[in-house]
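Source file: my_file.cif (mmCIF, C-alpha atoms)
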```
data_structure
loop_
_atom_site.label_atom_id
_atom_site.label_comp_id
_atom_site.auth_asym_id
_atom_site.auth_seq_id
_atom_site.Cartn_x
_atom_site.Cartn_y
_atom_site.Cartn_z
CA MET A 1 -1.90 -28.78 -12.75
CA ALA A 2 -2.82 -26.11 -10.22
CA VAL A 3 -1.65 -25.94 -6.60
CA SER A 4 -3.95 -28.17 -4.57
CA LEU A 5 -4.50 -29.57 -1.11
CA VAL A 6 -3.76 -33.26 -0.65
CA SER A 7 -3.92 -35.46 2.43
CA THR A 8 -0.22 -34.95 3.20
CA GLY A 9 0.08 -31.22 2.48
CA ILE A 10 0.12 -28.87 -0.53
CA GLN A 11 0.94 -30.28 -3.97
CA PHE A 12 2.59 -28.01 -6.58
CA PRO A 13 2.51 -28.24 -10.41
CA ASP A 14 5.83 -30.15 -10.45
CA ALA A 15 4.17 -32.84 -8.24
CA SER A 16 6.26 -31.91 -5.18
CA ILE A 17 4.39 -31.80 -1.87
CA GLN A 18 5.04 -29.31 0.91
CA THR A 19 4.19 -30.91 4.25
CA THR A 20 5.14 -28.09 6.63
CA ALA A 21 4.48 -24.34 6.71
CA ALA A 22 7.24 -21.96 5.63
CA SER A 23 9.24 -20.69 8.60
CA ALA A 24 10.73 -17.27 9.25
CA GLY A 25 14.10 -18.74 8.30
CA SER A 26 13.00 -19.68 4.78
CA PRO A 27 14.40 -17.37 2.05
CA SER A 28 10.95 -16.47 0.70
CA ALA A 29 9.01 -16.45 3.98
CA MET A 30 6.77 -13.47 4.77
CA VAL A 31 7.34 -12.41 8.38
CA TYR A 32 4.78 -10.40 10.38
CA LEU A 33 6.30 -7.29 11.98
CA SER A 34 3.67 -4.88 13.35
CA THR A 35 0.08 -3.58 13.25
CA VAL A 36 -1.41 -0.07 13.42
CA THR A 37 -5.17 0.14 14.06
CA ILE A 38 -7.20 3.37 13.78
CA THR A 39 -10.64 3.63 15.40
CA SER A 40 -11.18 7.41 15.46
CA ASN A 41 -10.27 10.45 13.35
CA THR A 42 -6.53 10.56 12.71
CA ALA A 43 -4.62 13.00 10.51
CA ASN A 44 -1.61 10.76 9.84
CA VAL A 45 -1.04 7.02 10.02
CA ASP A 46 2.71 6.32 10.22
CA ILE A 47 4.32 2.91 9.67
CA GLU A 48 7.85 3.11 11.08
CA ASN A 49 10.64 1.48 13.13
CA ALA A 50 10.93 -1.72 11.12
CA PHE A 51 12.41 -0.86 7.72
CA ASN A 52 16.02 -2.01 7.36
CA SER A 53 18.25 -4.37 5.35
CA THR A 54 16.89 -7.50 7.05
CA TYR A 55 14.25 -7.83 4.32
CA SER A 56 14.60 -7.23 0.59
CA THR A 57 10.91 -6.33 0.27
CA TYR A 58 8.33 -5.05 2.74
CA VAL A 59 4.58 -5.47 2.38
CA ILE A 60 1.90 -3.25 3.94
CA ILE A 61 -1.59 -4.76 3.94
CA ALA A 62 -4.31 -2.18 4.63
CA ASN A 63 -7.83 -3.29 5.51
CA ASN A 64 -11.12 -1.41 5.90
CA VAL A 65 -9.70 2.11 5.60
CA ASN A 66 -12.35 4.85 5.70
CA ALA A 67 -12.43 8.66 5.67
CA ASN A 68 -14.76 10.94 7.62
CA ALA A 69 -15.01 13.53 4.84
CA SER A 70 -18.27 15.37 4.22
CA SER A 71 -18.27 14.43 0.51
CA ASN A 72 -17.12 11.57 -1.70
CA ASN A 73 -14.12 13.26 -3.27
CA SER A 74 -11.44 12.82 -0.61
CA ARG A 75 -8.13 11.47 -1.82
CA LEU A 76 -5.84 9.13 0.10
CA TYR A 77 -2.19 10.12 -0.13
CA CYS A 78 1.08 8.83 1.25
CA ARG A 79 4.58 10.16 1.78
CA LEU A 80 7.87 8.35 2.35
CA LYS A 81 10.30 8.92 5.20
CA VAL A 82 13.66 9.11 3.44
CA GLY A 83 16.86 10.23 5.13
CA GLY A 84 14.99 10.52 8.43
CA THR A 85 12.33 12.99 7.21
CA TYR A 86 8.91 12.64 5.57
CA GLN A 87 9.60 14.19 2.19
CA THR A 88 7.24 16.85 0.79
CA SER A 89 8.62 16.94 -2.77
CA GLY A 90 10.49 14.75 -5.21
CA TYR A 91 7.83 12.12 -6.07
CA ARG A 92 6.62 10.76 -9.38
CA TRP A 93 3.53 8.52 -9.41
CA GLN A 94 0.75 6.96 -11.49
CA MET A 95 -2.68 5.67 -10.38
CA THR A 96 -5.38 3.92 -12.44
CA ASP A 97 -9.03 3.23 -11.52
CA ASN A 98 -11.43 0.62 -12.88
CA THR A 99 -15.07 1.28 -11.99
CA SER A 100 -17.75 -1.43 -12.19
CA GLY A 101 -21.47 -1.01 -12.98
CA SER A 102 -23.38 0.07 -16.08
CA GLY A 103 -20.94 2.94 -16.53
CA SER A 104 -17.81 0.79 -16.26
CA SER A 105 -14.74 2.81 -17.10
CA PHE A 106 -11.01 3.25 -16.65
CA SER A 107 -9.48 6.49 -15.53
CA GLY A 108 -6.09 7.58 -14.34
CA ALA A 109 -4.09 10.29 -12.65
CA GLY A 110 -0.39 10.97 -12.38
CA SER A 111 2.29 13.47 -11.57
CA ALA A 112 3.39 15.88 -14.26
CA ASN A 113 6.99 16.12 -13.12
CA TYR A 114 9.52 14.77 -10.63
CA SER A 115 8.76 17.24 -7.83
CA GLU A 116 5.26 16.16 -6.72
CA SER A 117 4.61 16.65 -3.00
CA TYR A 118 2.65 13.42 -2.44
CA ILE A 119 1.73 10.00 -3.85
CA MET A 120 -1.96 9.36 -4.56
CA LEU A 121 -3.22 5.89 -3.62
CA ALA A 122 -7.01 6.27 -4.03
CA ARG A 123 -9.61 8.94 -4.75
CA ASP A 124 -13.35 9.45 -4.25
CA LEU A 125 -13.24 8.34 -0.63
CA GLY A 126 -15.76 9.83 1.79
CA THR A 127 -19.22 9.42 3.26
CA SER A 128 -20.44 6.65 0.93
CA THR A 129 -17.14 4.83 0.52
CA LEU A 130 -16.79 1.49 2.26
CA ASN A 131 -13.53 -0.10 3.29
CA TRP A 132 -10.60 0.71 0.99
CA SER A 133 -8.14 -2.19 1.20
CA SER A 134 -4.76 -2.55 -0.44
CA VAL A 135 -1.51 -4.49 -0.67
CA MET A 136 1.58 -2.24 -1.03
CA TYR A 137 5.11 -3.44 -1.83
CA ILE A 138 8.25 -1.49 -0.88
CA THR A 139 11.49 -2.69 -2.45
CA ASN A 140 15.01 -2.38 -1.01
CA PRO A 141 14.23 0.40 1.50
CA ALA A 142 17.70 0.30 3.09
CA GLY A 143 19.59 0.59 -0.18
CA THR A 144 21.42 3.84 -0.91
CA SER A 145 22.32 3.40 -4.59
CA ASP A 146 18.95 4.02 -6.24
CA GLN A 147 15.55 5.71 -5.81
CA LYS A 148 12.84 4.34 -3.50
CA ASN A 149 9.93 2.56 -5.20
CA ILE A 150 6.48 1.48 -4.08
CA TYR A 151 3.69 -0.23 -6.00
CA GLY A 152 0.42 -1.95 -5.21
CA ALA A 153 -3.27 -2.46 -5.79
CA GLY A 154 -6.44 -1.74 -3.84
CA GLY A 155 -10.20 -1.73 -4.02
CA TYR A 156 -13.30 -0.35 -2.33
CA LEU A 157 -17.06 0.06 -2.68
CA ASN A 158 -18.28 3.53 -3.58
CA THR A 159 -21.63 5.26 -3.91
CA GLY A 160 -23.88 3.67 -6.54
CA PRO A 161 -22.85 1.14 -5.36
CA TYR A 162 -19.86 0.61 -7.64
CA GLN A 163 -16.78 -1.48 -7.03
CA ILE A 164 -13.61 0.56 -7.55
CA ASN A 165 -10.38 -1.32 -8.24
CA ASN A 166 -7.17 0.68 -8.46
CA THR A 167 -3.46 0.20 -9.00
CA TYR A 168 -0.62 2.58 -8.21
CA SER A 169 3.15 2.90 -8.48
CA ALA A 170 5.53 5.65 -7.44
CA SER A 171 9.17 6.57 -6.95
CA TYR A 172 11.00 9.09 -4.79
CA TYR A 173 13.79 10.63 -6.88
CA ALA A 174 15.29 13.44 -4.83
CA SER A 175 17.58 11.27 -2.69
CA ASN A 176 18.89 7.71 -2.50
CA ALA A 177 18.99 7.69 1.31
CA ALA A 178 17.36 4.85 3.24
CA LEU A 179 13.58 4.68 3.59
CA THR A 180 12.43 4.21 7.21
CA GLY A 181 8.71 5.03 7.18
CA VAL A 182 5.49 5.43 5.22
CA ARG A 183 2.77 7.98 6.12
CA PHE A 184 -0.88 7.70 5.02
CA TYR A 185 -3.21 10.72 5.14
CA ILE A 186 -6.22 12.35 3.48
CA ASP A 187 -5.55 15.22 1.10
CA PRO A 188 -6.05 18.32 3.30
CA ASN A 189 -7.57 20.21 0.37
CA SER A 190 -10.38 17.66 -0.02
CA GLY A 191 -11.23 17.58 3.69
CA GLY A 192 -11.52 14.96 6.39
CA ASN A 193 -9.22 12.55 8.17
CA ILE A 194 -8.72 8.82 8.27
CA SER A 195 -11.52 7.53 10.53
CA SER A 196 -10.75 3.80 10.68
CA GLY A 197 -8.51 1.10 9.30
CA THR A 198 -5.84 -1.47 10.04
CA TRP A 199 -2.33 -1.58 8.56
CA ARG A 200 -0.16 -4.68 8.96
CA LEU A 201 3.52 -4.66 8.05
CA TYR A 202 5.38 -7.75 6.81
CA GLY A 203 8.92 -8.41 5.60
CA ILE A 204 10.04 -10.86 2.92
CA LYS A 205 13.45 -12.25 3.83
CA ALA A 206 16.31 -11.55 1.46
CA SER A 207 18.16 -14.79 2.25
#
```

Would you mind writing the file's structure down as structure tokens?
Amino acid sequence: MAVSLVSTGIQFPDASIQTTAASAGSPSAMVYLSTVTITSNTANVDIENAFNSTYSTYVIIANNVNANASSNNSRLYCRLKVGGTYQTSGYRWQMTDNTSGSGSSFSGAGSANYSESYIMLARDLGTSTLNWSSVMYITNPAGTSDQKNIYGAGGYLNTGPYQINNTYSASYYASNAALTGVRFYIDPNSGGNISSGTWRLYGIKAS
């Protein structure tokens, strides 16, 4: 039996019924923390000042992100703020695209070694791209015993029009220091800036 709405609340497959919404005190509750909204050309979008040990996992939900590039080949990158600095090397990442339409296809890109200077989240953004959106997960950012990991999925409409769905995952290997920020930006070699978008940050309580 699937999860369903009933007159007294939400019924789960085990027949239990939840009659009240999850609160911020619940172990698995997602708690809203902050929003960054861009309405004009911006080189960097930084999500900061909320990452700590309060939450075991953080979630960044991006909506309607666009680039002002002159062509459709701009790439959206991110970097992680580890040890108090946005790191420019030490990443390893993988990204996969699934393109709809008569020419449906899968394609991928990834780092060749452990010293990449960025993490790619999406490609082929630009003048005909509409509204890249994504859900990104960041695990254990305050921990200092292992590397920092992110993973997520996104999608957008591109020229054609074709629907582009993509997934990505990445790690920062050069240090196990705490992660305190995430920076989004357009690859400077492909041109353009971020022209619009909204990023909302949430935490999932550890206990």

I want to know what sits within 6 Å of region 44-51 of chain A, based on only C-alpha atoms, with residues of the same chain fewer than 5 positions away left out; could you give that as a list in words?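 Listed by chain and then number, they are Thr180, Gly181, Val182, Arg183, Phe184 and Tyr185 of chain A.
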
Could you list, as a list in words, every residue matched by the PyMOL selection byres ((chain A and resi 93) around 7) in this structure?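 Selected by the PyMOL selection byres ((chain A and resi 93) around 7) here: Tyr91, Arg92, Gln94, Met95, Gly110, Ser111, Ile119, Ser169, Ala170 and Ser171 of chain A.
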
Would you kindly identify which residues have an atom no farther than 10 Å from (11.6, -0.5, -9.3), using all atoms listed in the file and the file's own coordinates, and write them out as a list in words? Ile138, Thr139, Asn140, Asp146, Gln147, Lys148, Asn149, Ile150, Tyr151, Ser169, Ala170 and Ser171 of chain A

Selected by the PyMOL selection byres ((chain A and resi 174) around 8) in the shown coordinates: which residues, as a count of residues only? 8

Report the distance between CA of Tyr118 (chain A) and CA of Asn52 (chain A) in Å, rounded to one decimal place.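 Atom-to-atom, CA of Tyr118 (chain A) to CA of Asn52 (chain A), that is 22.6 Å.
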
Separation of CA of Ala177 (chain A) and CA of Val59 (chain A), in Å? 19.5 Å

Find the distance between CA of Thr198 (chain A) and CA of Ala29 (chain A) and write it in Å to one decimal.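 It comes out at 21.9 Å.
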
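Closest to Ile204 (chain A) among A:Thr167, A:Thr88, A:Ser34, A:Thr54 is A:Thr54, based on only C-alpha atoms.
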
Mind giving me the axis-aligned box for region 26-44 of chain A with 4 Å on every side, centre plus edges in Å to one decimal, as JSON?
```
{"center_x": 1.6, "center_y": -3.3, "center_z": 8.1, "size_x": 33.6, "size_y": 40.7, "size_z": 22.8}
```

Between A:Ile38, A:Leu76, A:Ala178, A:Ile60, single out the one closest to Leu125 (chain A), counting only C-alpha atoms.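 Once distances to Leu125 (chain A) are computed over only C-alpha atoms, the minimum belongs to A:Leu76.
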
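The smallest atom-to-atom distance between Tyr168 (chain A) and any of A:Ser56, A:Gln87, A:Thr96, A:Thr42, using all atoms listed in the file, is found for A:Thr96.
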
Among the residues A:Met120, A:Leu80, A:Ile61, A:Leu179, the one that comes closest to Tyr32 (chain A) [using all atoms listed in the file]: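 Of A:Met120, A:Leu80, A:Ile61, A:Leu179, the one nearest Tyr32 (chain A), counting all atoms listed in the file, is A:Ile61.
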
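Considering the residues A:Asn98, A:Asn113, A:Asn41, A:Thr85 and counting all atoms listed in the file, Gly155 (chain A) has its shortest atom-to-atom contact with A:Asn98.
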
Given the choices A:Thr35, A:Asn63, A:Ser74, A:Ser53, which gets closest to Ile186 (chain A) if the distance is worked out from all atoms listed in the file? A:Ser74
